[in-house]
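So this block is my_file39.cif, mmCIF, C-alpha atoms:
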data_entry
loop_
_atom_site.group_PDB
_atom_site.id
_atom_site.type_symbol
_atom_site.label_atom_id
_atom_site.label_comp_id
_atom_site.auth_asym_id
_atom_site.auth_seq_id
_atom_site.Cartn_x
_atom_site.Cartn_y
_atom_site.Cartn_z
ATOM 1 C CA GLU M 228 -34.596 -11.946 -8.795
ATOM 2 C CA ARG M 229 -35.068 -14.634 -11.447
ATOM 3 C CA GLY M 230 -34.031 -13.514 -14.866
ATOM 4 C CA ALA M 231 -31.863 -10.694 -13.521
ATOM 5 C CA GLY M 232 -28.691 -12.367 -14.818
ATOM 6 C CA GLY M 233 -25.432 -12.773 -12.977
ATOM 7 C CA ARG M 234 -23.272 -10.438 -10.953
ATOM 8 C CA VAL M 235 -19.479 -10.735 -10.784
ATOM 9 C CA GLU M 236 -17.413 -8.870 -8.199
ATOM 10 C CA VAL M 237 -13.630 -8.889 -8.561
ATOM 11 C CA ALA M 238 -12.088 -6.969 -5.661
ATOM 12 C CA PRO M 239 -10.035 -9.677 -3.952
ATOM 13 C CA ARG M 240 -7.364 -9.686 -1.318
ATOM 14 C CA VAL M 241 -4.144 -10.113 -3.316
ATOM 15 C CA LEU M 242 -1.283 -12.372 -2.279
ATOM 16 C CA PRO M 243 1.596 -12.122 -1.700
ATOM 17 C CA GLU M 244 1.218 -9.150 0.617
ATOM 18 C CA GLY M 245 2.078 -5.917 -1.157
ATOM 19 C CA ALA M 246 1.102 -7.232 -4.597
ATOM 20 C CA ALA M 247 -1.750 -5.613 -6.495
ATOM 21 C CA LEU M 248 -3.859 -6.454 -9.522
ATOM 22 C CA THR M 249 -3.547 -4.204 -12.516
ATOM 23 C CA GLU M 250 -6.790 -3.095 -14.133
ATOM 24 C CA GLU M 251 -5.961 -5.364 -17.074
ATOM 25 C CA GLN M 252 -5.554 -8.375 -14.742
ATOM 26 C CA ARG M 253 -8.776 -7.558 -12.861
ATOM 27 C CA ARG M 254 -10.728 -7.253 -16.103
ATOM 28 C CA ALA M 255 -9.238 -10.514 -17.438
ATOM 29 C CA ILE M 256 -10.340 -12.345 -14.286
ATOM 30 C CA GLU M 257 -13.855 -10.928 -14.576
ATOM 31 C CA LEU M 258 -14.095 -11.915 -18.240
ATOM 32 C CA GLY M 259 -12.767 -15.396 -17.410
ATOM 33 C CA ILE M 260 -15.396 -15.891 -14.711
ATOM 34 C CA ARG M 261 -18.146 -14.668 -17.027
ATOM 35 C CA GLY M 262 -16.879 -16.953 -19.804
ATOM 36 C CA GLY M 263 -16.919 -19.939 -17.472
ATOM 37 C CA LEU M 264 -20.467 -19.171 -16.409
ATOM 38 C CA GLU M 265 -21.623 -18.785 -19.999
ATOM 39 C CA SER M 266 -20.284 -22.212 -20.936
ATOM 40 C CA GLY M 267 -21.565 -23.745 -17.701
ATOM 41 C CA PRO M 268 -20.412 -26.742 -15.670
ATOM 42 C CA LEU M 269 -22.805 -29.267 -17.226
ATOM 43 C CA GLN M 270 -23.131 -29.946 -20.938
ATOM 44 C CA GLY M 271 -22.273 -26.336 -21.810
ATOM 45 C CA GLY M 272 -25.470 -24.833 -20.399
ATOM 46 C CA ALA M 273 -25.063 -21.317 -19.022
ATOM 47 C CA VAL M 274 -25.292 -20.699 -15.279
ATOM 48 C CA LEU M 275 -27.931 -18.026 -14.550
ATOM 49 C CA ASP M 276 -29.198 -15.841 -11.690
ATOM 50 C CA LEU M 277 -26.200 -15.844 -9.401
ATOM 51 C CA ALA M 278 -23.526 -13.722 -7.823
ATOM 52 C CA VAL M 279 -19.810 -14.540 -7.856
ATOM 53 C CA ARG M 280 -17.405 -12.766 -5.540
ATOM 54 C CA LEU M 281 -13.697 -13.421 -5.881
ATOM 55 C CA ARG M 282 -12.286 -13.096 -2.367
ATOM 56 C CA GLU M 283 -8.601 -13.894 -2.832
ATOM 57 C CA VAL M 284 -6.097 -14.276 -5.648
ATOM 58 C CA GLU M 285 -2.424 -15.199 -5.531
ATOM 59 C CA LEU M 286 -0.102 -13.710 -8.120
ATOM 60 C CA PHE M 287 3.060 -15.449 -9.308
ATOM 61 C CA GLY M 288 5.111 -12.585 -10.698
ATOM 62 C CA PRO M 289 5.493 -12.465 -14.479
ATOM 63 C CA ALA M 290 3.557 -15.743 -14.846
ATOM 64 C CA SER M 291 0.367 -13.959 -13.734
ATOM 65 C CA THR M 292 -0.421 -12.530 -17.141
ATOM 66 C CA PRO M 293 -3.971 -11.391 -17.894
ATOM 67 C CA GLU M 294 -4.311 -14.410 -20.208
ATOM 68 C CA ALA M 295 -3.222 -16.843 -17.473
ATOM 69 C CA LEU M 296 -5.561 -15.268 -14.913
ATOM 70 C CA ALA M 297 -8.494 -15.353 -17.360
ATOM 71 C CA ALA M 298 -7.859 -19.047 -18.115
ATOM 72 C CA ALA M 299 -7.663 -19.895 -14.408
ATOM 73 C CA ALA M 300 -10.852 -17.959 -13.664
ATOM 74 C CA LYS M 301 -12.724 -19.660 -16.496
ATOM 75 C CA ALA M 302 -11.618 -23.089 -15.247
ATOM 76 C CA LEU M 303 -13.085 -22.579 -11.767
ATOM 77 C CA ASN M 304 -15.858 -25.022 -10.910
ATOM 78 C CA PRO M 305 -18.884 -22.790 -10.368
ATOM 79 C CA GLY M 306 -20.667 -25.480 -8.381
ATOM 80 C CA CYS M 307 -18.307 -25.014 -5.453
ATOM 81 C CA LEU M 308 -18.340 -21.208 -5.489
ATOM 82 C CA ILE M 309 -21.845 -19.995 -6.259
ATOM 83 C CA LEU M 310 -24.694 -18.853 -4.071
ATOM 84 C CA PRO M 311 -28.066 -17.815 -5.524
ATOM 85 C CA SER M 312 -27.880 -14.099 -6.340
ATOM 86 C CA ASP M 313 -30.390 -13.135 -3.644
ATOM 87 C CA SER M 314 -28.275 -14.727 -0.877
ATOM 88 C CA ALA M 315 -24.765 -13.605 -1.796
ATOM 89 C CA PRO M 316 -22.829 -12.205 1.167
#

Let me see the structure of the file written as structure tokens.
Amino acid sequence: ERGAGGRVEVAPRVLPEGAALTEEQRRAIELGIRGGLESGPLQGGAVLDLAVRLREVELFGPASTPEALAAAAKALNPGCLILPSDSAP
């Protein structure tokens, strides 16, 4: 529905097998995605009325700090990942 805002789901498959996100890492990814959407892909305009679902994330041991994951999530290009919120799988 227009004006309903965005929805972010962070419950991905985690690589390598056997690895798991901590709650701090999961929250950092969510905040990074939301931050990227707020600053938008074009001229800083926010992206509205959408759903984002993170399907897979690969961790790299100690390098996968919450700060690094948030920065990576914020840098994602929303244009290649977003479906309108009423058609998200």

Residues returned when the PyMOL selection byres ((chain M and resi 252) around 10) runs on this file, as a list in words: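 Applying the PyMOL selection byres ((chain M and resi 252) around 10) to the structure shown produces Ala247, Leu248, Thr249, Glu250, Glu251, Arg253, Arg254, Ala255, Ile256, Glu257, Leu258, Ser291, Thr292, Pro293, Glu294, Ala295, Leu296 and Ala297 of chain M.
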
Selection result for the PyMOL selection byres ((chain M and resi 234) around 8) on this file, as number ranges by chain: M: 232-233, 235-236, 277-279, 312

Distance of atom CA of Glu244 of chain M from atom CA of Ala300 of chain M, expressed in Å to one decimal place: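 Spanning atom CA of Ala300 of chain M to atom CA of Glu244 of chain M is a straight-line distance of 20.7 Å.
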
Given the PyMOL selection byres ((chain M and resi 239) around 7), the residues it picks as a list in words: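 Listing what the PyMOL selection byres ((chain M and resi 239) around 7) selects in the shown file: Val237, Ala238, Arg240, Val241, Leu281, Arg282, Glu283 and Val284 of chain M.
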
Distance in Å - atom CA of Gly245 of chain M versus atom CA of Ala299 of chain M: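 Result for atom CA of Gly245 of chain M versus atom CA of Ala299 of chain M: 21.6 Å, one decimal.
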
Spatial neighbours of Ala273 of chain M, 12 Å, all atoms listed in the file, chain gap at least 3 places, as a list of chain:residue names: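 Everything that qualifies: M:Gly232, M:Gly233, M:Ile260, M:Arg261, M:Gly262, M:Gly263, M:Leu264, M:Glu265, M:Ser266, M:Gly267, M:Pro268, M:Leu269, M:Gln270, M:Asp276, M:Leu277, M:Pro305.
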
Between atom CA of Gly230 of chain M and atom CA of Ala302 of chain M, distance in Å (one decimal): 24.4 Å
